[in-house]
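Heads up, upload.txt below (compact mmCIF, C-alpha atoms and all ligand atoms):
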# COMPACT_ATOMS: atom_id res chain seq x y z
CA MET V 276 38.58 65.68 108.95
CA GLY V 277 38.26 61.92 109.21
CA GLU V 278 39.21 60.70 112.67
CA ASN V 279 42.28 59.00 111.30
CA ARG V 280 43.61 61.62 108.95
CA LEU V 281 44.83 65.19 109.47
CA ARG V 282 45.54 67.48 106.51
CA VAL V 283 47.92 70.27 107.41
CA GLY V 284 48.29 73.63 105.65
CA ILE V 285 51.51 75.52 106.32
CA LEU V 286 51.48 79.31 106.66
CA GLY V 287 54.90 80.70 105.66
CA THR V 288 57.50 78.84 103.62
CA GLY V 289 60.73 79.56 105.52
CA LEU V 290 63.28 77.15 106.98
CA MET V 291 61.04 75.61 109.62
CA ALA V 292 58.12 75.19 107.23
CA VAL V 293 60.32 73.09 104.95
CA GLU V 294 61.82 71.09 107.81
CA MET V 295 58.38 70.36 109.24
CA ALA V 296 56.97 69.35 105.86
CA GLU V 297 59.89 66.91 105.49
CA ALA V 298 59.14 65.48 108.94
CA ILE V 299 55.44 65.08 108.21
CA ARG V 300 56.28 63.10 105.05
CA THR V 301 57.17 60.18 107.33
CA MET V 302 53.77 60.17 109.07
CA GLU V 303 51.05 57.67 108.41
CA HIS V 304 47.93 59.64 109.37
CA ILE V 305 49.06 63.17 108.68
CA GLU V 306 49.92 64.95 105.44
CA VAL V 307 50.83 68.45 104.35
CA CYS V 308 48.23 69.17 101.70
CA ALA V 309 48.83 72.90 101.18
CA ALA V 310 51.17 75.79 101.95
CA ALA V 311 51.06 79.55 101.52
CA SER V 312 53.65 82.23 101.04
CA ARG V 313 53.36 85.99 100.83
CA SER V 314 54.89 85.80 97.37
CA ARG V 315 54.68 83.82 94.15
CA GLU V 316 58.43 83.07 94.40
CA GLY V 317 58.01 81.60 97.89
CA ALA V 318 55.04 79.51 96.80
CA ASP V 319 56.88 78.24 93.72
CA ALA V 320 59.99 77.35 95.71
CA PHE V 321 57.88 75.33 98.17
CA ALA V 322 56.02 73.62 95.32
CA GLY V 323 59.39 72.64 93.84
CA LYS V 324 60.23 70.75 97.03
CA PHE V 325 56.75 69.36 97.70
CA PRO V 326 55.07 68.89 94.32
CA HIS V 327 52.02 67.12 95.79
CA CYS V 328 51.07 70.28 97.77
CA ARG V 329 48.66 72.97 96.69
CA VAL V 330 50.46 76.28 97.06
CA TYR V 331 48.99 79.74 97.48
CA GLU V 332 50.58 83.15 97.16
CA THR V 333 48.50 84.69 99.92
CA TYR V 334 47.82 83.44 103.42
CA GLU V 335 44.12 84.33 103.00
CA ALA V 336 43.83 81.84 100.12
CA LEU V 337 45.19 79.03 102.30
CA LEU V 338 42.57 79.80 104.93
CA CYS V 339 39.80 79.38 102.33
CA ASP V 340 40.99 75.87 101.41
CA PRO V 341 38.24 73.57 102.75
CA GLU V 342 40.58 70.57 102.81
CA VAL V 343 42.95 72.10 105.38
CA ASP V 344 42.12 70.63 108.81
CA LEU V 345 44.92 72.37 110.73
CA VAL V 346 47.10 75.38 109.91
CA TYR V 347 50.71 75.25 111.11
CA VAL V 348 51.93 78.84 111.54
CA ALA V 349 55.66 79.03 110.73
CA SER V 350 56.17 82.80 110.54
CA PRO V 351 58.48 84.92 112.76
CA HIS V 352 57.51 85.40 116.45
CA SER V 353 56.45 88.99 115.76
CA HIS V 354 53.70 87.77 113.44
CA HIS V 355 52.37 84.68 115.24
CA ALA V 356 49.52 86.59 116.90
CA LEU V 357 48.43 88.18 113.61
CA HIS V 358 48.64 84.99 111.58
CA ALA V 359 47.10 82.67 114.18
CA GLY V 360 44.38 85.30 114.67
CA MET V 361 43.62 85.14 110.92
CA CYS V 362 43.29 81.34 111.21
CA ILE V 363 40.89 81.67 114.12
CA ASP V 364 38.82 84.26 112.24
CA ALA V 365 38.59 81.75 109.37
CA GLY V 366 37.55 79.02 111.82
CA LYS V 367 40.71 76.98 111.17
CA PRO V 368 42.31 74.98 113.99
CA VAL V 369 45.86 76.23 114.43
CA LEU V 370 49.23 75.05 115.70
CA VAL V 371 51.58 78.03 116.20
CA GLU V 372 55.36 77.71 116.24
CA LYS V 373 57.18 78.68 119.42
CA SER V 374 57.47 81.15 120.96
CA PHE V 375 53.67 81.30 120.94
CA THR V 376 53.64 85.09 120.46
CA ALA V 377 56.10 87.95 120.97
CA ASN V 378 54.76 88.81 124.44
CA ALA V 379 52.14 87.86 127.03
CA ALA V 380 49.66 90.59 126.02
CA GLN V 381 49.50 89.14 122.51
CA ALA V 382 49.18 85.61 123.92
CA ARG V 383 46.35 86.59 126.26
CA ALA V 384 44.41 88.26 123.42
CA LEU V 385 44.97 85.33 121.06
CA LEU V 386 43.90 82.72 123.61
CA GLU V 387 40.78 84.74 124.37
CA LYS V 388 39.99 85.05 120.66
CA ALA V 389 40.24 81.27 120.27
CA ARG V 390 38.11 80.71 123.36
CA GLN V 391 35.37 83.02 122.12
CA ALA V 392 35.42 81.51 118.64
CA GLY V 393 35.60 77.94 119.95
CA VAL V 394 38.59 77.22 117.69
CA PHE V 395 41.43 74.81 118.53
CA LEU V 396 44.74 76.51 119.30
CA ALA V 397 48.08 74.93 120.27
CA GLU V 398 51.78 75.81 120.50
CA ALA V 399 54.46 73.84 118.65
CA ILE V 400 56.89 73.60 121.55
CA TRP V 401 57.88 70.11 120.49
CA PRO V 402 59.70 68.66 123.56
CA ARG V 403 56.47 69.02 125.54
CA TYR V 404 54.86 66.47 123.23
CA MET V 405 57.66 63.90 123.25
CA PRO V 406 56.95 60.69 125.23
CA MET V 407 60.30 61.19 127.00
CA ALA V 408 58.95 64.37 128.64
CA GLU V 409 56.61 62.38 130.84
CA THR V 410 59.32 59.78 131.56
CA ILE V 411 61.67 62.49 132.83
CA ARG V 412 59.02 64.15 134.97
CA GLU V 413 57.86 60.84 136.49
CA THR V 414 61.44 59.75 137.21
CA VAL V 415 62.27 62.98 139.01
CA TRP V 416 59.11 62.91 141.12
CA SER V 417 59.45 59.16 141.86
CA GLY V 418 62.04 60.25 144.42
CA VAL V 419 64.91 58.27 142.90
CA ILE V 420 67.22 61.30 143.32
CA GLY V 421 65.53 62.42 146.54
CA LYS V 422 63.95 65.85 146.84
CA VAL V 423 64.78 68.32 144.07
CA ASN V 424 67.21 71.09 145.07
CA ALA V 425 68.17 72.63 141.75
CA ILE V 426 67.90 72.44 137.96
CA SER V 427 70.28 73.66 135.30
CA ALA V 428 69.72 73.65 131.56
CA ASN V 429 71.30 75.22 128.51
CA LEU V 430 70.80 75.53 124.79
CA GLY V 431 72.95 77.26 122.20
CA TYR V 432 73.31 77.26 118.44
CA PRO V 433 75.41 79.45 116.15
CA VAL V 434 72.50 80.99 114.24
CA THR V 435 73.24 84.71 114.01
CA ASP V 436 73.60 84.27 110.24
CA LYS V 437 69.80 83.91 110.01
CA PRO V 438 68.48 87.45 109.44
CA ARG V 439 65.42 86.81 111.66
CA ILE V 440 67.60 86.16 114.72
CA LEU V 441 69.15 89.63 114.92
CA ASP V 442 66.03 91.51 113.86
CA PRO V 443 64.07 93.15 116.71
CA GLU V 444 61.15 93.85 114.31
CA ARG V 445 60.72 90.08 114.03
CA ALA V 446 61.14 89.56 117.79
CA GLY V 447 64.55 87.97 117.28
CA GLY V 448 67.12 87.16 119.96
CA ALA V 449 68.19 84.15 121.98
CA LEU V 450 65.35 84.04 124.50
CA LEU V 451 62.36 83.47 122.23
CA ASP V 452 64.30 81.34 119.81
CA VAL V 453 66.35 78.99 122.00
CA GLY V 454 65.94 80.10 125.64
CA ILE V 455 62.39 78.84 125.63
CA TYR V 456 63.68 75.24 125.47
CA PRO V 457 65.71 75.16 128.70
CA LEU V 458 62.89 77.17 130.31
CA THR V 459 60.45 74.52 129.11
CA PHE V 460 62.68 71.82 130.63
CA VAL V 461 62.62 73.65 133.97
CA SER V 462 58.87 74.22 133.93
CA LEU V 463 58.22 70.62 132.90
CA ILE V 464 59.85 69.48 136.13
CA ALA V 465 59.37 72.31 138.61
CA GLY V 466 56.20 74.00 137.35
CA ASP V 467 55.73 77.75 137.11
CA GLU V 468 55.37 79.10 140.65
CA ILE V 469 58.32 81.47 140.35
CA THR V 470 59.43 83.30 143.48
CA GLY V 471 62.40 85.16 142.02
CA ILE V 472 64.08 85.90 138.68
CA CYS V 473 67.45 87.47 137.85
CA ALA V 474 68.46 87.76 134.21
CA GLN V 475 71.06 89.47 132.12
CA ALA V 476 72.03 89.32 128.48
CA LYS V 477 74.82 90.06 126.08
CA LYS V 478 73.17 92.05 123.32
CA ALA V 479 73.63 92.62 119.59
CA ASP V 480 73.97 96.13 118.12
CA THR V 481 70.33 95.75 117.07
CA GLY V 482 69.34 95.45 120.76
CA VAL V 483 68.25 91.81 120.75
CA ASP V 484 69.75 89.36 123.25
CA LEU V 485 72.52 87.08 121.99
CA GLU V 486 73.39 85.20 125.19
CA ASP V 487 71.15 84.98 128.24
CA GLN V 488 71.95 84.06 131.82
CA ILE V 489 68.84 83.43 133.89
CA ALA V 490 68.59 82.45 137.57
CA MET V 491 65.16 81.63 138.99
CA THR V 492 63.73 80.19 142.16
CA ILE V 493 60.58 78.11 141.81
CA GLN V 494 58.29 76.90 144.58
CA SER V 495 57.55 73.26 143.86
CA GLY V 496 56.66 70.19 145.90
CA GLY V 497 56.83 72.23 149.13
CA ARG V 498 60.38 73.54 148.58
CA GLU V 499 62.27 76.14 146.63
CA ILE V 500 64.18 74.95 143.58
CA CYS V 501 67.13 76.99 142.27
CA CYS V 502 67.24 77.08 138.48
CA ASN V 503 70.06 78.21 136.21
CA ILE V 504 69.60 78.67 132.50
CA TYR V 505 71.95 79.65 129.71
CA ALA V 506 70.78 80.32 126.14
CA SER V 507 72.84 81.47 123.17
CA VAL V 508 72.56 82.17 119.47
CA ASN V 509 76.32 82.86 119.34
CA GLY V 510 77.54 79.28 119.47
CA PRO V 511 76.76 75.69 120.37
CA SER V 512 76.25 74.48 123.91
CA ASP V 513 76.11 70.94 125.28
CA ARG V 514 72.25 71.18 125.52
CA THR V 515 72.25 69.34 128.84
CA GLY V 516 69.55 69.49 131.49
CA ILE V 517 70.49 68.44 135.04
CA VAL V 518 68.19 67.95 138.01
CA TYR V 519 70.02 67.91 141.37
CA GLY V 520 68.32 66.10 144.24
CA THR V 521 69.13 65.41 147.88
CA ASP V 522 70.15 61.81 147.04
CA GLY V 523 71.63 62.09 143.55
CA TYR V 524 71.15 63.76 140.23
CA LEU V 525 69.67 63.13 136.83
CA ILE V 526 71.23 64.26 133.54
CA VAL V 527 69.18 64.61 130.38
CA GLY V 528 70.90 64.65 127.01
CA ASN V 529 69.57 67.44 124.78
CA VAL V 530 66.78 69.55 126.27
CA ASN V 531 65.86 70.52 122.70
CA ASN V 532 65.14 66.96 121.57
CA PHE V 533 65.45 64.52 124.49
CA GLU V 534 67.94 61.74 123.70
CA TRP V 535 68.71 59.94 126.95
CA MET V 536 68.57 60.25 130.72
CA GLU V 537 71.16 59.14 133.29
CA ILE V 538 70.53 58.75 136.99
CA TYR V 539 73.43 59.08 139.45
CA ASP V 540 73.46 58.36 143.17
CA ARG V 541 74.98 60.55 145.90
CA ASP V 542 78.39 58.90 145.32
CA HIS V 543 78.33 59.82 141.59
CA ARG V 544 77.75 56.22 140.53
CA LEU V 545 75.63 55.72 137.43
CA VAL V 546 72.48 53.93 138.60
CA LYS V 547 70.63 53.77 135.31
CA ARG V 548 70.79 55.03 131.75
CA VAL V 549 67.47 55.36 129.95
CA PRO V 550 67.55 55.91 126.17
CA ARG V 551 64.64 57.71 124.62
CA PRO V 552 61.95 55.34 123.34
CA GLU V 553 62.50 53.94 119.87
CA GLN V 554 61.69 56.74 117.46
CA THR V 555 61.33 55.97 113.78
CA GLN V 556 60.30 59.55 113.02
CA THR V 557 61.77 62.90 114.01
CA GLY V 558 60.74 64.36 117.36
CA TYR V 559 58.76 67.04 115.51
CA VAL V 560 55.93 64.70 114.67
CA TYR V 561 54.55 64.16 118.17
CA GLN V 562 53.01 67.64 118.31
CA PHE V 563 51.05 66.92 115.13
CA GLU V 564 49.91 63.56 116.49
CA ALA V 565 48.79 65.37 119.66
CA CYS V 566 46.77 67.84 117.56
CA ARG V 567 45.23 65.00 115.57
CA HIS V 568 44.10 63.27 118.75
CA ALA V 569 42.90 66.48 120.41
CA LEU V 570 40.87 67.48 117.34
CA ALA V 571 39.35 64.01 117.03
CA ALA V 572 38.34 64.25 120.70
CA GLY V 573 36.76 67.69 120.15
CA LEU V 574 39.29 69.44 122.41
CA LYS V 575 40.25 73.10 121.95
CA GLU V 576 43.80 72.69 123.29
CA CYS V 577 46.45 69.99 123.65
CA PRO V 578 46.70 68.45 127.12
CA GLN V 579 50.50 68.26 126.69
CA MET V 580 50.69 72.09 126.54
CA PRO V 581 47.45 73.56 127.87
CA HIS V 582 46.49 77.19 127.30
CA HIS V 583 47.17 78.31 130.86
CA GLU V 584 50.74 76.99 130.61
CA ILE V 585 51.24 78.70 127.25
CA LEU V 586 50.26 82.01 128.83
CA THR V 587 52.38 81.45 131.94
CA MET V 588 55.45 80.77 129.78
CA MET V 589 54.85 83.99 127.83
CA GLU V 590 54.57 85.89 131.13
CA ILE V 591 57.89 84.38 132.26
CA LEU V 592 59.53 85.37 128.96
CA ASP V 593 58.21 88.94 129.44
CA GLN V 594 59.62 89.09 132.98
CA ILE V 595 63.01 87.87 131.79
CA ARG V 596 63.09 90.38 128.95
CA ARG V 597 62.26 93.18 131.38
CA LYS V 598 65.23 92.15 133.54
CA MET V 599 67.48 91.97 130.45
CA GLY V 600 66.22 95.30 129.12
CA VAL V 601 65.03 93.89 125.81
CA THR V 602 61.93 95.30 124.11
CA TYR V 603 60.78 94.99 120.52
CA PRO V 604 60.05 98.15 118.48
CA PHE V 605 56.36 97.30 118.09
CA GLU V 606 55.99 97.21 121.90
CA ALA V 607 57.08 100.82 122.39
N1 LIG V 701 60.80 73.84 116.40
C1 LIG V 701 62.04 74.17 116.07
O1 LIG V 701 62.99 73.44 116.29
C2 LIG V 701 62.28 75.48 115.40
C3 LIG V 701 63.49 75.73 114.76
C4 LIG V 701 63.65 76.93 114.07
C5 LIG V 701 62.64 77.86 114.10
N2 LIG V 701 61.48 77.60 114.76
C6 LIG V 701 60.39 78.59 114.80
O2 LIG V 701 59.78 78.63 113.52
C7 LIG V 701 59.34 79.95 113.25
C8 LIG V 701 59.93 80.40 111.92
O3 LIG V 701 61.32 80.31 111.97
P1 LIG V 701 62.20 80.10 110.64
O4 LIG V 701 63.58 79.85 111.09
O5 LIG V 701 61.55 79.14 109.73
O6 LIG V 701 62.11 81.58 110.01
P2 LIG V 701 62.31 82.00 108.51
O7 LIG V 701 63.18 81.04 107.77
O8 LIG V 701 62.67 83.44 108.54
O9 LIG V 701 60.85 81.86 107.88
C9 LIG V 701 59.76 82.56 108.34
C10 LIG V 701 58.74 82.67 107.19
O10 LIG V 701 57.63 83.41 107.68
C11 LIG V 701 57.02 84.10 106.62
N3 LIG V 701 56.78 85.48 107.04
C12 LIG V 701 55.57 86.02 107.30
N4 LIG V 701 55.66 87.29 107.67
C13 LIG V 701 56.96 87.60 107.64
C14 LIG V 701 57.68 88.79 107.91
N5 LIG V 701 57.08 89.92 108.27
N6 LIG V 701 59.01 88.76 107.78
C15 LIG V 701 59.64 87.64 107.41
N7 LIG V 701 59.01 86.47 107.14
C16 LIG V 701 57.66 86.46 107.25
C17 LIG V 701 57.96 84.00 105.42
O11 LIG V 701 57.40 83.05 104.55
P3 LIG V 701 56.76 83.49 103.16
O12 LIG V 701 57.71 84.49 102.55
O13 LIG V 701 56.66 82.23 102.41
O14 LIG V 701 55.43 84.10 103.43
C18 LIG V 701 59.25 83.44 105.99
O15 LIG V 701 59.93 82.64 105.08
C19 LIG V 701 59.78 80.79 114.46
O16 LIG V 701 58.70 80.87 115.35
C20 LIG V 701 60.89 79.98 115.08
O17 LIG V 701 61.07 80.18 116.47
C21 LIG V 701 61.28 76.43 115.39
As structure tokens, please, write out the structure in this file.
Amino acid sequence: MGENRLRVGILGTGLMAVEMAEAIRTMEHIEVCAAASRSREGADAFAGKFPHCRVYETYEALLCDPEVDLVYVASPHSHHALHAGMCIDAGKPVLVEKSFTANAAQARALLEKARQAGVFLAEAIWPRYMPMAETIRETVWSGVIGKVNAISANLGYPVTDKPRILDPERAGGALLDVGIYPLTFVSLIAGDEITGICAQAKKADTGVDLEDQIAMTIQSGGREICCNIYASVNGPSDRTGIVYGTDGYLIVGNVNNFEWMEIYDRDHRLVKRVPRPEQTQTGYVYQFEACRHALAAGLKECPQMPHHEILTMMEILDQIRRKMGVTYPFEA
């Protein structure tokens, strides 16, 4: 890999693979050079959309392509550990879609595998890489709304028509698909020192969670912060994140893809509205830029989402699933 260019190979050719390849088209220093499907039909369909790409009908073939600098794993949650593990075995740096794995045990094993092999490994939890993430965190901790008392965040989309979402074999459900975003918003601000979790879910006939209600307390900055999270695959939500302080509150538009931030004082007067920085590309691209920089610097992880935070988030997801009574068949 030249320092200024990153050639990405995509593993899996589903919805996200296509969306990400479209996003990368707009990037100056990054290109999708190859993609792999488990089938000839999948490979052909991808080639039809991205004719400049080499396509393979096995994942193994992609991993033998010497021109692939980074593999982006876009398979279902249930298979992230297997597929990212294959990349590591082949010595390929890898960026894995969220949720990193299906559970913390898989995450721990995968991180250890990467550590032992000395191979770069990162999670594509895209808001963590957006410049606005740091702006929000700095604003909250600048004290402009006083000391933080509470955080609420929600994310919902009507996506039960996607077969993956209702399928426990593919680690479907609201938590791993959408709940991870409001949880990421909370952890971005309050950290991960959780002192209590309550969670319950409305479930599908298949046993996966459709709508999640999560209440957590987090020890942060010398005080306990009360956090409330709602996630749904049954319908849309307003996607808002709110941080309540002793002197005011801060509202963030769209915890999935930060759009703006408003600061209010204790009398509910708008003090400031901060739009997200000018963005000519989609928010997806920052995670690839982060990988490009990390690889050029010889790092094995992205500073925006370090390995220990990846594992902690998977442990939190496990705890929440235990409270909700959701397990996947392959965990039995
Ligand atoms: N960042 C975001 O905003 C965002 C949005 C949506 C989804 N995602 C994440 O992206 C990942 C993929 O989601 P998606 O919506 O793209 O899923 P999808 O449309 O079902 O595609 C997943 C692809 O994975 C491959 N695959 C490998 N093993 C599979 C198996 N056992 N069963 C089914 N497919 C298998 C298939 O590609 P081939 O047949 O070509 O091998 C399939 O098309 C998930 O981790 C999801 O959470 C992220």
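Distance check against ligand LIG 701 (chain V) using all atoms listed in the file: of V:Gly466, V:Gly558, V:Gly496, V:Gly600, the minimum falls on V:Gly558.
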Exercise for the section: Show which residues sit within 12 Å of stretch 413-416 of chain V, as a ChimeraX atom specification. Count only C-alpha atoms, and ignore same-chain residues fewer than 5 positions away. Expected result: /V:406-408,421-426,461,463-465,495-496,517-527,536-539,547-549
Box centre and edge lengths (Å, one decimal), axis-aligned, ligand LIG 701 (chain V) plus 4 Å each side, as JSON:
{"center_x": 59.5, "center_y": 81.7, "center_z": 109.4, "size_x": 16.2, "size_y": 24.5, "size_z": 22.1}
Problem - Test item: residues lying within 9 Å of ligand LIG 701 (chain V) with only C-alpha atoms and all ligand atoms, as a VMD selection string - result: chain V and resid 286 to 295 310 to 318 320 to 321 332 to 334 348 to 355 358 371 to 376 399 to 402 437 to 440 444 to 445 447 451 to 453 531 to 532 559
Handout entry: Between atom CA of V:Arg544 and atom CA of V:Val530, distance in Å (one decimal)
Key = 22.4 Å
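The nearest approach to V:Leu281 among the residues V:Asp344, V:Asp542, V:Asp513, V:Asp484, with only C-alpha atoms taken into account, belongs to V:Asp344.
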Practice task
Pull the neighbourhood of (65.1, 61.7, 125.7) for me: all residues within 6 Å in file coordinates, counting all atoms listed in the file, as an MDAnalysis selection string.
Solution key: chainID V and resid 407 533:535 551
